[in-house]
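> Can you keep this structure in mind? I'll have questions shortly.
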Amino acid sequence: VTFNFDAQTELSFSQLASELIAETSLSSAMTRKRSVMAQRKAKRQSDPETEPESDSNRLQFEENCADLQNIQTFLEYIAGSLLEIEQSLQTGRDGVMQMPGDTEEINPANIIDERVLESAFNIVADERTFEQLRERVRQDEEYKLNIMLTETYAQIVADAQQSAEDNAFPDWQARIEILYNQSSSVGGYPCLSFADCLLTATDVLEQLIRNTPGEPAQSLLAAFPNARDELLQLGTAMNLTIPQAIDKITPVLNILTEYSENTYWCASLPRLTLQPPVEVNVSSGGTLNLQCRADSDSSIPSTFQWKKDGNPITGMDTDQLTIENMQRLDSGNYTCCVSNPVGTTQSINTSVLVYELPEFYLTLVPTSVSEGRDGGARLICNATGRPFPGWRWYFGPTRNSSSMTIVDGEETNQLFIPEPQRENEGWYTCEAFNGHGSIRADAVFLRVLPVSVSQQEIPTEFQITTSDTLDSNNECTSQSLRSSVQNFLREVVASGTLISNLELRNVSATLYTIALSLISQNVTSEDTRFSTLIEIANRALPARASLQRSIATLREAVQRDESTINCGGIKYSVVRGSLTTQRVTYVCPPGQQLSPNFLLCVSCEPGSYSVYSERTRVFNGEGLTERVPECVPCPIGSYEPRVGSDECITCPEFHTTSSQGANSRDQCTANPLLVECSAEGSASNKSIDCLINRPIVNSMCTFDDGAQQPCELPIPVDVATFRSGIHSVRIVIMDAIGFTAETTVVYELELTSNIFALEETSYTVEESDGIIQVCVDFQIVPGLSANITLQTARYNKDNDQTEATEGEDYIGAQHTFSANSSEIECIAITILDNTHIEEQEVFAVQLIVDGHMHSTAVVIVVDDDECGGTLIGDSGSFNTPNWPEPYFTNIDCEWNIELVDQDKAVEFIFDTSAYGIVGQPPCIRDWVEIGHPSAAPIGRFCSTTVPAKVTSSTFQARVKFHAGPRRRNRESTVKGFRIFYRSVTRPEGSFTCGGFLKDSTPFGPIGFPRLLTSRATSCVWRYLSTIGTRAQLKLLYFDIPESNNCSRNGLTLHYQPLAFDTPDENLCGALSEYVFTSSNRMMTVRLNVRDYNTFRGFHAVFEQV
C-alpha cells in the first residue's frame, strides 16, 4: 500500500509507521528520562547538611558511570546476540557449500518417510517435495533415484538455509522485544519496548558525551547523530538481515568503544599517596612547610587547596604549603584538600602549634614599703608564652644577675613578703620560662622604709601674775622663775608626758605668758618593726591617754584659785582660765611622714622630703584639724637621693630638673631656656622686647627703682620709670617644665616734660542724659608739678588728624588743673542730642602740659546695641564692632546662641581672613570666651593665632568679648574677629548612668541634654588621676535647680573613696564656680534625681592638674 503525498514523494506505510513509532517512543523516553533525573537530583539534595556539594558530585559521577556501563552492557548484548546468530547462519552456509557427494549412504526406502530427511539433514521439507520424491522412488531406477535424491537434498538444504536467513532478524527482533518489555530499563532509565530502550540508550549516551569536557568528546558528539539513526533502525526496520543489523549497531559501538577509553564519568576520587604529619611545632617567626600528594585519573585534572580550621587559605593551592613568619594566631588544624570533578579528598588534620618564648607584658616596678606587718610587699610581673610559662624569682644585693639567688618556694608570677624587714630590701627579678626558652625581667629595687611610732604634741599656754613688789633686790631671776615653772608643771603633768619648748614671755612687769608643748612618750623601740599594729597601739595609746590626762590636770590646776608658783620670795598666781591649747601635732623624726593609721611614721623615699602641714579629717562627726608631717616631692631645681630626708639638695648653678621629685644628681640638666632682650624706641619713649627660644608660662621684671611686676613683652619701660638717666631692668622668665632664665637690660631715658606718659583712656557712655566721661591716668615725675589741660577735638580716623571743633556742643570741652603727683582726672563731654552718637563716633582727648601738646588719646564711642544679643537659629555669624577694621576699646559684648534642634550642638568657626585680639594666653586684658551660659567656659582666646573649631555640649552657647584700653600704638591694628556658627551632631561622650572614666571624656546622665528621666535616679561616676596630680571636675553645662539644700535633686562631689555620707561639695541651683579640684587623685561624682522631667542635668569632663 502506498500513500501519494505529492508528485515527488512516496512513502511506504511500513516506513511511515516506523518513523511515527520512533517519534512517539523518543518523546516518551525523554519524558521518562526527565522524571528520573529529577528524582535523582531530589535524592541527592534531600539532605544537604549531611551530603555536601563534593558528595553530591561524587554521587552524580557514580550514577553517570553506572548509566554508561549499563548502556555498554545493553549494546554489547545486542551486538553479541546478533553475532551469535550470524555465526549460526554462517555454519549453515558452510554446510550448503559442503554437500555430501556420496548418496549411496541414503537408503531410498527410508526417504519415503520425511522424518528420515529431517533427521538426516535437520531440515523441514514441505509436503509437495516429499510426495514428488515418493513418486519418483516408485517409478525410477536406483540410479535415477540417487541422482534425484542428491539434487533434491541440495535443493532442500539451500531452501532451508534461505529460509533461516530470511527469518533470522524477525525471529531475533521478536525474542529481543520479549526481553525488553514494559518492565525494562537501560542506562538507569525505564523503557517500554526494545525500540524505546534503544532511544533511551542513545539519548542517555549522547547526554553523557555532551557533558564530558574536552575536544575528543566533542568530536564523538559530531558523529553521534548518524550512528544513533543507524542504531534505531534495529527497533523499527522489519526486513533487515543479520549482517545488516550488525552494520547498524557497529557505528554506535565504535563511538562507545572510543568514548570508554576516556574514563571521565567513571573516574574516582583523588587518592592521597603522601599525607602531612599529625603534629608540627613551629617557633614564632619561623616557617611552616607541609606537603601532600595524590593520584587521580589522568583524564581528570586534580586541584589542591590548603585549609586552616576548615577555612581556605588564600593563595595556597599547590601540593606544598609554605607560611613564613608564623605567629601565635597561626596555630590551628591544617588540612590538604585534593579535588577533581568527582569530589574532594581531605588529608588528616595536622595540628600546628606556634610556640612562643615568654614575653613580658607586665614588668616589675620599683616598690617601697614600710617595714613590719603593715600590709606587706607584693611584686607582680606577667608574660605570655606558648606553652604558658612557669616562674622563678631571684633576689640579690645588686642588680647584677650573678649576685642573685633563687627565692625558694615562689613559683607564681607574684612574690609576696607578708612582713618585710630591712634584710628583705634589695634587688628582685622574675624569670618566665617554658620548654622553648626563658626570659628575665629587669631587676627592680624593693625599698623597705624604716618606721617609728608617732608622738602627739599639744602646744599650750597659760599666764601667771604677781601682786608683789618687784625691785632689783628680789631673788627671782628669769632662770629661777623658769625653774619654778618647771617644778609646777612636773607636779601637775602626768608621768610619761614630756615637757618641751618651755618659754616665758614677759607681757608686763607682773604678767608672764608661759608657752610650752606637751608631748606623749616616745614608745619606739628595737622591736617596733617586728610588732603588729595592735602591739604598737597597745604601747602608743596609753602614752597618748597620758598626754590627755596631763592637759586635763593642767587645765584643772589653772582653774583653781590656789594654784601658785613661788620664785625667790615672789608669789606668782596662775591666772584662772588662761589655759589655751592649739591643734594636735603628730611628731615624727625628721625625714618621716605620718602613716594613714596615725600610729606609725614612715621614712620619706628618695626624691622627697618631710614638711609639716595642716590636715582636716572627720572625727566623731566633726572636722578635726591637725598638724602632721608628710613627704612632698623635691621642687624643681633640686634632688634628694637619700631615704628619710627633711630637705633636698639644690642643683648646681645653671642646672635644673625637668619635674619635681628628682632623686639623682644626674636628673639636674643644663638650662635649655634662652632669652635675649634689648631696648628700642626714642630717647623719651622706649620699650624692651625679647627673643625667647621656648614658650614661657611666667615672667617677672624688676626695675632699678625697686618696682617689680609681671612682664608682658614687649615691656613699655616708660610706664615704670619716672626720671631721665641710665636705667636697668632684670627680666626672669620660666617655661612650662620649670626651667628659668634671666637677663638684665640697661637703657637710657631722656624726659622732655615733667609729665611722663598718658597711661590710658577709659570712657563710659550714658545715653539717658547724653554724657560721655573720659578719664586720663597720667604720671608726673616725683617732686615736680605741671599745669595740665585736657581738651577734646574732632578726630578724623582716615588721615589720623585732629580737626577744628567750632560750632558743635560736644566738641571743644576743656579742663585745666595743676598736678604734682600721679592722679586720675576726668573730663565730661555733654551731648545735647543723643542722635549724635551713631554706630561709632570718634573724637580725641588732647593732653597739654605746661602749654605744650604732650599726647593725644583717641576715644571711639560705640552704640552698645550693635555689640551682642540673642541669636536663634541653626546657623549664622557675628563679629566685633568695626570688623574687619580694628575693634573698639573699653567694650564688653555678649552673644547668646540657641539652636532650634535641641539634640544638636553649636560649632563655632573663626573667620581666618581677619583675626586678632590683643594679648597672649592666659588672655588677661582682651579676650573672647566661648561656653555655656551656666557652665565653665570651653575656652578663652586671644593673640593673632586663629583658634580651632570649638563645639559646645548642648544646643545653647554664650560668647563673651572683652576689650580693655589701648596701651601701645601697635595694638590699634588688631582686627578683632568674625565667628560663624552652625548646628552639628553633639560630640560623643559617656552619657550613661555612672562608670569609671578617663581623662578628657565628656560625660553626663542618660539622655542629655533632654530632660532627665527615672533612668538617672542615682548615678555615680569615678575618676582617678595619675600619681603626682589631683583630680579636677570641669562643668561644661549645669541645670539642676535649688531644692531643699540639694537633698532632692543635686550633684555631690566626694574627694575620698567610698565616702558618700560626707560629700565635699553639694551642687544645685545657681553656682558661683564651675571648676572643682579634689584634694587628692580621687574624685567621685554622684547625681541624685527625685523630680523627673523638670531639668536637664549636667555635662562635665574630668581632668588632672
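Ligands are numbered from 1 in the order shown, chains are lettered A, B, ... in the order of the C-alpha cells, and residues start at 1 in each chain.
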Excluding same-chain residues fewer than 2 positions from Cys430 (chain A), what lies within 8 Å of it counting only C-alpha atoms, as a ChimeraX atom specification?
/A:381,391-394,413,428,432,440-441,443
> Could you give me, as a PyMOL selection string, each residue of region 384-560 of chain A that DSSP assigns to strand (DSSP E or B) when run on this structure's backbone?
chain A and resi 384-386+390-396+405-406+414-417+426-434+437-440+444-449+451-453+455-465+498-506+511-519
> What is the CA of Ile891 (chain A) to CA of Ser687 (chain A) distance in Å?
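Here the two named atoms are 26.6 Å from each other.
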> Could you state the separation of CA of Tyr887 (chain A) and CA of Gln956 (chain A) in Å, given to one decimal place?
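Taking CA of Tyr887 (chain A) and CA of Gln956 (chain A), their separation equals 26.0 Å.
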> Neighbouring residues of Tyr512 (chain A) were defined as those with any atom within 12 Å, considering only C-alpha atoms; residues of the same chain fewer than 3 positions away were excluded. Please report them as a VMD selection string.
chain A and resid 461 to 466 478 481 to 482 485 503 to 509 515 565 572 to 575 578
> Would you put the residues from that selection into a file with C-alpha atoms, as a tab-separated table (two decimals), in the first residue's frame?

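Output file result.tsv follows:
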chain	number	residue	atom	x	y	z
A	461	GLU	CA	49.81	78.47	127.00
A	462	PHE	CA	48.72	79.92	130.32
A	463	GLN	CA	49.53	83.09	132.28
A	464	ILE	CA	50.93	83.85	135.72
A	465	THR	CA	50.88	87.13	137.53
A	466	THR	CA	52.05	88.59	140.83
A	478	SER	CA	64.34	84.75	134.94
A	481	LEU	CA	61.32	81.62	137.60
A	482	ARG	CA	61.78	79.16	134.73
A	485	VAL	CA	57.51	76.90	136.49
A	503	GLU	CA	59.18	79.70	127.04
A	504	LEU	CA	58.43	82.63	129.39
A	505	ARG	CA	57.11	85.71	127.62
A	506	ASN	CA	57.07	88.93	129.60
A	507	VAL	CA	53.78	90.62	128.89
A	508	SER	CA	54.31	93.26	131.55
A	509	ALA	CA	56.34	93.68	134.72
A	515	ALA	CA	54.25	78.71	126.47
A	565	ILE	CA	54.32	79.44	141.83
A	572	TYR	CA	53.02	84.17	141.25
A	573	SER	CA	49.43	83.13	140.85
A	574	VAL	CA	48.21	81.21	137.86
A	575	VAL	CA	45.67	83.32	136.02
A	578	SER	CA	44.03	81.37	130.97
> Give me the residues within 6 Å of Asn181 (chain A) as a list in words, counting only C-alpha atoms and dropping any in the same chain fewer than 2 places off.
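Those residues are Ile178, Ser183, Ser184, Leu192 and Ser193 of chain A.
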> Write a file of the just-selected residues containing all heavy atoms, as a compact mmCIF listing (two decimals), in the first residue's frame.

# COMPACT_ATOMS: atom_id res chain seq x y z
N ILE A 178 10.55 -9.46 23.40
CA ILE A 178 10.06 -10.13 24.62
C ILE A 178 10.96 -9.79 25.81
O ILE A 178 10.50 -9.58 26.93
CB ILE A 178 9.98 -11.65 24.39
CG1 ILE A 178 8.93 -11.98 23.32
CG2 ILE A 178 9.68 -12.40 25.69
CD1 ILE A 178 8.90 -13.44 22.90
N SER A 183 8.77 -3.58 31.64
CA SER A 183 9.50 -3.57 32.93
C SER A 183 11.00 -3.45 32.76
O SER A 183 11.76 -3.64 33.70
CB SER A 183 9.18 -4.86 33.70
OG SER A 183 9.58 -6.01 32.96
N SER A 184 11.46 -3.09 31.59
CA SER A 184 12.90 -3.00 31.33
C SER A 184 13.41 -1.60 31.65
O SER A 184 12.65 -0.65 31.81
CB SER A 184 13.18 -3.36 29.86
OG SER A 184 12.72 -4.65 29.57
N LEU A 192 9.85 1.05 27.56
CA LEU A 192 8.62 0.28 27.39
C LEU A 192 8.73 -0.81 26.33
O LEU A 192 7.90 -1.70 26.29
CB LEU A 192 7.47 1.23 27.03
CG LEU A 192 7.24 2.37 28.01
CD1 LEU A 192 6.11 3.26 27.51
CD2 LEU A 192 6.93 1.82 29.39
N SER A 193 9.75 -0.67 25.46
CA SER A 193 9.92 -1.64 24.39
C SER A 193 11.37 -1.61 23.95
O SER A 193 12.17 -0.78 24.41
CB SER A 193 9.00 -1.30 23.20
OG SER A 193 9.37 -0.05 22.65
> List as a ChimeraX atom specification the protein and nucleic acid residues near Pro1041 (chain A), meaning an atom at most 10 Å away when only C-alpha atoms are counted, but skip any in the same chain fewer than 4 places from it.
/A:1046,1048-1050,1067-1070,1094-1097
